[in-house]
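**Q** This one is coords.pdb, PDB, C-alpha atoms, pLDDT in the B column.
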```
MODEL        1
ATOM      1  CA  MET A   1     102.088 160.497 109.071  1.00 58.00           C
ATOM      2  CA  LYS A   2      99.479 162.676 110.744  1.00 62.00           C
ATOM      3  CA  THR A   3      96.943 161.788 108.027  1.00 60.00           C
ATOM      4  CA  PHE A   4      97.650 158.093 108.502  1.00 46.00           C
ATOM      5  CA  THR A   5      97.152 158.376 112.271  1.00 52.00           C
ATOM      6  CA  VAL A   6      93.831 160.210 111.862  1.00 46.00           C
ATOM      7  CA  LEU A   7      92.661 157.700 109.250  1.00 49.00           C
ATOM      8  CA  PHE A   8      93.667 154.781 111.487  1.00 45.00           C
ATOM      9  CA  ALA A   9      91.847 156.325 114.470  1.00 47.00           C
ATOM     10  CA  CYS A  10      88.687 156.851 112.407  1.00 45.00           C
ATOM     11  CA  CYS A  11      88.737 153.264 111.125  1.00 42.00           C
ATOM     12  CA  PHE A  12      89.307 151.920 114.636  1.00 41.00           C
ATOM     13  CA  PHE A  13      86.404 154.020 115.966  1.00 43.00           C
ATOM     14  CA  LEU A  14      84.029 152.827 113.232  1.00 42.00           C
ATOM     15  CA  ILE A  15      84.954 149.183 113.701  1.00 42.00           C
ATOM     16  CA  SER A  16      84.600 149.380 117.471  1.00 42.00           C
ATOM     17  CA  CYS A  17      81.123 150.868 117.081  1.00 43.00           C
ATOM     18  CA  SER A  18      80.104 148.150 114.638  1.00 44.00           C
ATOM     19  CA  HIS A  19      77.425 145.888 116.040  1.00 46.00           C
ATOM     20  CA  THR A  20      74.259 144.085 115.095  1.00 50.00           C
ATOM     21  CA  THR A  21      71.146 144.720 117.135  1.00 60.00           C
ATOM     22  CA  ALA A  22      70.648 141.575 119.188  1.00 70.00           C
ATOM     23  CA  ILE A  23      67.519 139.471 119.053  1.00 76.00           C
ATOM     24  CA  LYS A  24      66.035 139.938 122.500  1.00 76.00           C
ATOM     25  CA  ASN A  25      64.101 136.680 122.847  1.00 75.00           C
ATOM     26  CA  GLN A  26      64.880 133.045 122.248  1.00 75.00           C
ATOM     27  CA  TYR A  27      61.729 131.678 120.699  1.00 78.00           C
ATOM     28  CA  VAL A  28      62.418 127.926 120.778  1.00 82.00           C
ATOM     29  CA  ALA A  29      65.017 125.663 122.308  1.00 77.00           C
ATOM     30  CA  LYS A  30      67.534 124.388 119.792  1.00 83.00           C
ATOM     31  CA  PRO A  31      66.995 121.877 118.373  1.00 90.00           C
ATOM     32  CA  VAL A  32      63.214 121.481 118.537  1.00 90.00           C
ATOM     33  CA  ILE A  33      62.448 117.873 119.435  1.00 92.00           C
ATOM     34  CA  TYR A  34      59.053 116.257 119.151  1.00 90.00           C
ATOM     35  CA  LYS A  35      57.711 112.705 119.245  1.00 90.00           C
ATOM     36  CA  SER A  36      55.748 110.985 116.512  1.00 90.00           C
ATOM     37  CA  GLU A  37      53.002 108.465 117.210  1.00 88.00           C
ATOM     38  CA  LEU A  38      53.934 106.736 113.943  1.00 91.00           C
ATOM     39  CA  ASN A  39      56.680 104.149 113.529  1.00 93.00           C
ATOM     40  CA  LEU A  40      60.046 105.131 112.038  1.00 94.00           C
ATOM     41  CA  ASP A  41      59.197 104.160 108.433  1.00 95.00           C
ATOM     42  CA  GLN A  42      55.825 105.951 108.505  1.00 94.00           C
ATOM     43  CA  THR A  43      57.397 109.072 110.048  1.00 94.00           C
ATOM     44  CA  TRP A  44      60.195 109.056 107.452  1.00 95.00           C
ATOM     45  CA  ASP A  45      57.711 108.643 104.583  1.00 95.00           C
ATOM     46  CA  LYS A  46      55.457 111.456 105.847  1.00 94.00           C
ATOM     47  CA  LEU A  47      58.382 113.873 106.213  1.00 93.00           C
ATOM     48  CA  VAL A  48      59.853 113.034 102.797  1.00 94.00           C
ATOM     49  CA  ASP A  49      56.389 113.360 101.197  1.00 94.00           C
ATOM     50  CA  TYR A  50      55.813 116.753 102.850  1.00 92.00           C
ATOM     51  CA  ILE A  51      59.240 118.031 101.795  1.00 91.00           C
ATOM     52  CA  SER A  52      58.728 116.803  98.215  1.00 91.00           C
ATOM     53  CA  GLN A  53      55.158 118.093  97.875  1.00 92.00           C
ATOM     54  CA  ASN A  54      56.257 121.562  98.965  1.00 88.00           C
ATOM     55  CA  LYS A  55      59.144 121.571  96.475  1.00 85.00           C
ATOM     56  CA  PHE A  56      61.810 122.021  99.129  1.00 89.00           C
ATOM     57  CA  SER A  57      65.315 121.374  97.852  1.00 90.00           C
ATOM     58  CA  ILE A  58      66.762 118.253  99.510  1.00 93.00           C
ATOM     59  CA  LYS A  59      70.502 118.651 100.045  1.00 94.00           C
ATOM     60  CA  LEU A  60      71.107 115.398 101.936  1.00 96.00           C
ATOM     61  CA  ILE A  61      68.892 112.430 102.670  1.00 96.00           C
ATOM     62  CA  ASP A  62      70.102 109.293 104.449  1.00 96.00           C
ATOM     63  CA  LYS A  63      67.480 106.943 105.842  1.00 95.00           C
ATOM     64  CA  THR A  64      69.993 104.691 107.639  1.00 94.00           C
ATOM     65  CA  SER A  65      71.205 107.603 109.797  1.00 95.00           C
ATOM     66  CA  GLY A  66      67.768 109.273 109.853  1.00 95.00           C
ATOM     67  CA  LEU A  67      69.160 112.545 108.497  1.00 96.00           C
ATOM     68  CA  ILE A  68      67.456 114.973 106.109  1.00 96.00           C
ATOM     69  CA  VAL A  69      68.905 118.373 105.225  1.00 96.00           C
ATOM     70  CA  PHE A  70      66.744 120.569 103.023  1.00 93.00           C
ATOM     71  CA  GLU A  71      66.235 124.166 101.993  1.00 90.00           C
ATOM     72  CA  ASN A  72      62.870 125.812 102.418  1.00 84.00           C
ATOM     73  CA  PRO A  73      62.542 128.623  99.871  1.00 77.00           C
ATOM     74  CA  ASN A  74      59.290 129.682 101.556  1.00 75.00           C
ATOM     75  CA  THR A  75      60.934 130.835 104.764  1.00 81.00           C
ATOM     76  CA  THR A  76      59.182 133.896 106.117  1.00 80.00           C
ATOM     77  CA  ALA A  77      61.224 136.370 108.137  1.00 81.00           C
ATOM     78  CA  THR A  78      60.317 139.165 110.520  1.00 80.00           C
ATOM     79  CA  ILE A  79      61.894 141.460 113.117  1.00 80.00           C
ATOM     80  CA  GLU A  80      61.082 142.171 116.745  1.00 80.00           C
ATOM     81  CA  ASN A  81      59.027 145.211 117.641  1.00 77.00           C
ATOM     82  CA  LYS A  82      60.068 147.639 120.386  1.00 78.00           C
ATOM     83  CA  ASP A  83      58.432 145.394 123.040  1.00 82.00           C
ATOM     84  CA  ALA A  84      60.523 142.383 121.858  1.00 77.00           C
ATOM     85  CA  GLY A  85      57.486 140.726 120.291  1.00 82.00           C
ATOM     86  CA  LEU A  86      57.379 139.711 116.652  1.00 83.00           C
ATOM     87  CA  VAL A  87      56.107 142.227 114.111  1.00 79.00           C
ATOM     88  CA  HIS A  88      54.507 139.272 112.295  1.00 79.00           C
ATOM     89  CA  PRO A  89      54.045 136.279 114.613  1.00 83.00           C
ATOM     90  CA  ASP A  90      53.431 133.865 111.711  1.00 82.00           C
ATOM     91  CA  ALA A  91      57.021 134.173 110.434  1.00 83.00           C
ATOM     92  CA  PHE A  92      59.414 131.213 110.595  1.00 87.00           C
ATOM     93  CA  VAL A  93      62.543 133.280 111.317  1.00 85.00           C
ATOM     94  CA  VAL A  94      63.310 136.422 113.305  1.00 84.00           C
ATOM     95  CA  VAL A  95      66.322 138.527 112.307  1.00 79.00           C
ATOM     96  CA  PRO A  96      67.807 141.670 113.866  1.00 76.00           C
ATOM     97  CA  SER A  97      66.401 144.941 112.610  1.00 70.00           C
ATOM     98  CA  LYS A  98      69.649 146.914 112.494  1.00 63.00           C
ATOM     99  CA  LYS A  99      73.363 146.552 111.998  1.00 54.00           C
ATOM    100  CA  ASN A 100      75.626 149.496 112.802  1.00 49.00           C
ATOM    101  CA  GLY A 101      72.506 151.602 113.300  1.00 51.00           C
ATOM    102  CA  ILE A 102      71.337 150.955 109.730  1.00 47.00           C
ATOM    103  CA  MET A 103      68.218 148.984 108.905  1.00 51.00           C
ATOM    104  CA  LEU A 104      69.147 145.558 107.537  1.00 51.00           C
ATOM    105  CA  ASP A 105      68.145 144.726 104.000  1.00 49.00           C
ATOM    106  CA  VAL A 106      66.827 141.243 104.785  1.00 53.00           C
ATOM    107  CA  PRO A 107      63.396 141.128 103.114  1.00 54.00           C
ATOM    108  CA  VAL A 108      61.209 140.985 106.192  1.00 53.00           C
ATOM    109  CA  THR A 109      57.671 141.970 106.838  1.00 43.00           C
ATOM    110  CA  GLY A 110      58.103 145.236 108.663  1.00 39.00           C
ATOM    111  CA  LYS A 111      55.855 148.015 109.796  1.00 38.00           C
ATOM    112  CA  PHE A 112      55.715 149.468 106.280  1.00 37.00           C
ATOM    113  CA  TYR A 113      54.404 146.273 104.706  1.00 41.00           C
ATOM    114  CA  THR A 114      50.969 144.755 104.671  1.00 40.00           C
ATOM    115  CA  LYS A 115      50.178 141.102 105.363  1.00 40.00           C
ATOM    116  CA  ALA A 116      49.878 140.624 101.578  1.00 38.00           C
ATOM    117  CA  ASP A 117      53.523 141.692 101.242  1.00 41.00           C
ATOM    118  CA  PHE A 118      54.516 139.170 103.907  1.00 40.00           C
ATOM    119  CA  LYS A 119      57.261 137.657 101.809  1.00 48.00           C
ATOM    120  CA  ASP A 120      58.294 137.014  98.265  1.00 53.00           C
ATOM    121  CA  PRO A 121      59.137 133.272  98.180  1.00 47.00           C
ATOM    122  CA  ALA A 122      62.229 133.928  96.077  1.00 52.00           C
ATOM    123  CA  LEU A 123      63.893 136.144  98.687  1.00 71.00           C
ATOM    124  CA  VAL A 124      64.464 134.249 101.959  1.00 78.00           C
ATOM    125  CA  ASN A 125      65.723 130.680 102.206  1.00 80.00           C
ATOM    126  CA  GLY A 126      66.178 128.584 105.345  1.00 86.00           C
ATOM    127  CA  GLU A 127      68.312 125.451 105.611  1.00 91.00           C
ATOM    128  CA  TRP A 128      66.779 122.940 108.022  1.00 91.00           C
ATOM    129  CA  THR A 129      68.172 119.713 109.453  1.00 95.00           C
ATOM    130  CA  LEU A 130      65.915 116.854 110.556  1.00 95.00           C
ATOM    131  CA  ARG A 131      67.192 113.888 112.537  1.00 96.00           C
ATOM    132  CA  LEU A 132      64.950 110.908 113.210  1.00 96.00           C
ATOM    133  CA  LYS A 133      65.711 108.231 115.770  1.00 94.00           C
ATOM    134  CA  THR A 134      63.864 105.730 117.903  1.00 93.00           C
ATOM    135  CA  GLU A 135      63.931 106.206 121.679  1.00 86.00           C
ATOM    136  CA  ASP A 136      61.936 104.064 124.104  1.00 85.00           C
ATOM    137  CA  GLY A 137      59.797 102.704 121.262  1.00 85.00           C
ATOM    138  CA  LYS A 138      58.815 106.195 120.071  1.00 89.00           C
ATOM    139  CA  VAL A 139      60.185 108.094 117.094  1.00 94.00           C
ATOM    140  CA  SER A 140      61.942 111.299 118.048  1.00 94.00           C
ATOM    141  CA  VAL A 141      62.318 114.040 115.406  1.00 94.00           C
ATOM    142  CA  SER A 142      64.907 116.743 115.972  1.00 94.00           C
ATOM    143  CA  THR A 143      64.504 119.901 113.848  1.00 93.00           C
ATOM    144  CA  ASP A 144      67.049 122.704 113.629  1.00 93.00           C
ATOM    145  CA  LEU A 145      67.378 125.825 111.482  1.00 91.00           C
ATOM    146  CA  LYS A 146      71.043 125.928 110.473  1.00 91.00           C
ATOM    147  CA  LYS A 147      71.345 128.704 107.910  1.00 87.00           C
ATOM    148  CA  VAL A 148      69.417 131.668 106.492  1.00 85.00           C
ATOM    149  CA  THR A 149      70.220 133.227 103.130  1.00 80.00           C
ATOM    150  CA  TYR A 150      68.426 135.949 101.214  1.00 75.00           C
ATOM    151  CA  ASN A 151      68.365 138.092  98.102  1.00 70.00           C
ATOM    152  CA  LYS A 152      67.875 141.813  98.522  1.00 65.00           C
ATOM    153  CA  ARG A 153      65.709 142.112  95.430  1.00 62.00           C
ATOM    154  CA  LYS A 154      63.598 139.658  93.481  1.00 64.00           C
ATOM    155  CA  ASN A 155      65.852 139.275  90.423  1.00 65.00           C
ATOM    156  CA  SER A 156      69.150 139.712  92.219  1.00 64.00           C
ATOM    157  CA  ARG A 157      71.728 136.958  91.749  1.00 68.00           C
ATOM    158  CA  LYS A 158      73.722 138.001  94.801  1.00 70.00           C
ATOM    159  CA  ILE A 159      72.876 135.689  97.690  1.00 72.00           C
ATOM    160  CA  ARG A 160      73.645 137.021 101.142  1.00 72.00           C
ATOM    161  CA  THR A 161      73.983 135.006 104.343  1.00 74.00           C
ATOM    162  CA  GLN A 162      72.246 136.225 107.484  1.00 73.00           C
ATOM    163  CA  ASP A 163      74.564 135.541 110.433  1.00 74.00           C
ATOM    164  CA  VAL A 164      72.207 136.347 113.304  1.00 77.00           C
ATOM    165  CA  PHE A 165      68.798 134.668 113.323  1.00 82.00           C
ATOM    166  CA  GLU A 166      66.427 132.683 115.507  1.00 84.00           C
ATOM    167  CA  SER A 167      63.710 130.249 114.564  1.00 88.00           C
ATOM    168  CA  THR A 168      60.297 131.252 115.878  1.00 89.00           C
ATOM    169  CA  GLY A 169      59.204 127.600 116.108  1.00 90.00           C
ATOM    170  CA  LYS A 170      56.333 128.046 113.621  1.00 90.00           C
ATOM    171  CA  PHE A 171      57.850 125.882 110.884  1.00 90.00           C
ATOM    172  CA  GLU A 172      58.791 123.198 113.393  1.00 90.00           C
ATOM    173  CA  LYS A 173      55.171 123.171 114.602  1.00 91.00           C
ATOM    174  CA  ILE A 174      53.939 122.663 111.034  1.00 90.00           C
ATOM    175  CA  LEU A 175      56.228 119.652 110.687  1.00 89.00           C
ATOM    176  CA  ALA A 176      55.152 118.245 114.058  1.00 89.00           C
ATOM    177  CA  ASP A 177      51.480 118.646 113.136  1.00 90.00           C
ATOM    178  CA  LYS A 178      52.073 116.661 109.927  1.00 84.00           C
ATOM    179  CA  LEU A 179      53.235 113.718 112.031  1.00 81.00           C
ATOM    180  CA  MET A 180      50.353 113.636 114.481  1.00 74.00           C
TER     181      MET A 180
ENDMDL
END
```
Would you mind writing the structure in this file as structure tokens?
**A**
Amino acid sequence: MKTFTVLFACCFFLISCSHTTAIKNQYVAKPVIYKSELNLDQTWDKLVDYISQNKFSIKLIDKTSGLIVFENPNTTATIENKDAGLVHPDAFVVVPSKKNGIMLDVPVTGKFYTKADFKDPALVNGEWTLRLKTEDGKVSVSTDLKKVTYNKRKNSRKIRTQDVFESTGKFEKILADKLM
């Protein structure tokens, strides 16, 4: 019984100490909303063309509701530095650097990597939702990062889900620039 009590106390202590390092900044408001100068059909066509040309995987596309859900296998990830800035400001996603005091294994560009090692496209995947609608004669595009998954190593078949993440707004800006 004494062994059980000690084991229970140790497990309780470890679980209570379990935490993920928080992301200190919020980089963009969710969802990111921008206006297009084009009409609804032109905006839709430009977005679908961009998604197709970049070989993003479309999970759902419904023109009548203005909804597109796609996966971007070229999602770059980074962590915050000690001053709560991004280690690599060009990344699309920021993830926490530690969980339970241990460095996370999300393939990010960290201080030990060069810009050339920024990201292997096969490792980090972001699921994005776009919603198009007309408001006051202008087309409004709502963009939101819904999910981040990753592989620890290039040829690994085990896909992990990253629970804590923030969009940096860089990918949303690329999409907005395509519509201007």
**Q** For CA of Ala91 (chain A) and CA of Lys170 (chain A), quote the distance in Å rounded to one decimal.
**A**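 One can read the CA of Ala91 (chain A) to CA of Lys170 (chain A) distance as 6.9 Å.
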**Q** Looking at A:Ser97, A:Asn151, A:Ser36, A:Ser167, which one is nearest to Thr134 (chain A), with distances taken over all atoms listed in the file?
**A**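 With all atoms listed in the file as the atom set, the closest residue is A:Ser36.
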**Q** Taking 3 positions as the minimum chain separation for residues in the same chain, which residues sit within 9 Å of region 70-74 of chain A when counting only C-alpha atoms? Answer as a PyMOL selection string.
**A** chain A and resi 51+54-61+119-130
**Q** Just to confirm, what's the straight-line distance from CA of Gln162 (chain A) to CA of Thr149 (chain A) in Å (one decimal)?
**A** 5.7 Å
**Q** Mind pulling up the distance from CA of Gln42 (chain A) to CA of Lys63 (chain A)?
**A** 12.0 Å
**Q** When distances are computed from all atoms listed in the file, which of A:Asp177, A:Glu172, A:Asp136, A:Glu166 shows the smallest separation from Val93 (chain A)?
**A**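 Smallest separation from Val93 (chain A) among the options: A:Glu166.
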**Q** List the residues selected by the PyMOL selection byres ((chain A and resi 38-41) around 9) in the file shown, writing them as a VMD selection string.
**A** chain A and resid 35 to 37 42 to 46 132 to 134 137 to 140 179 to 180
**Q** So that I can see what lies close to Ile33 (chain A), please list as a list in words the residues with an atom at most 8 Å from it, counting all atoms listed in the file and leaving out residues fewer than 5 positions away in the same chain.
**A**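 Those residues are Ser140, Val141, Ser142 and Thr143 of chain A.
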**Q** Which residue, A:Asp83, A:Ala77, A:Tyr34, A:Asn25, has the smallest gap to Lys173 (chain A) when you use all atoms listed in the file?
**A**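 Under the stated criterion, the closest residue is A:Tyr34.
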**Q** Of the residues A:Ala22, A:Ala29, A:Val69, A:Val87, which is the one nearest to Lys147 (chain A), using all atoms listed in the file?
**A**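 Among the listed residues, the smallest separation from Lys147 (chain A) belongs to A:Val69.
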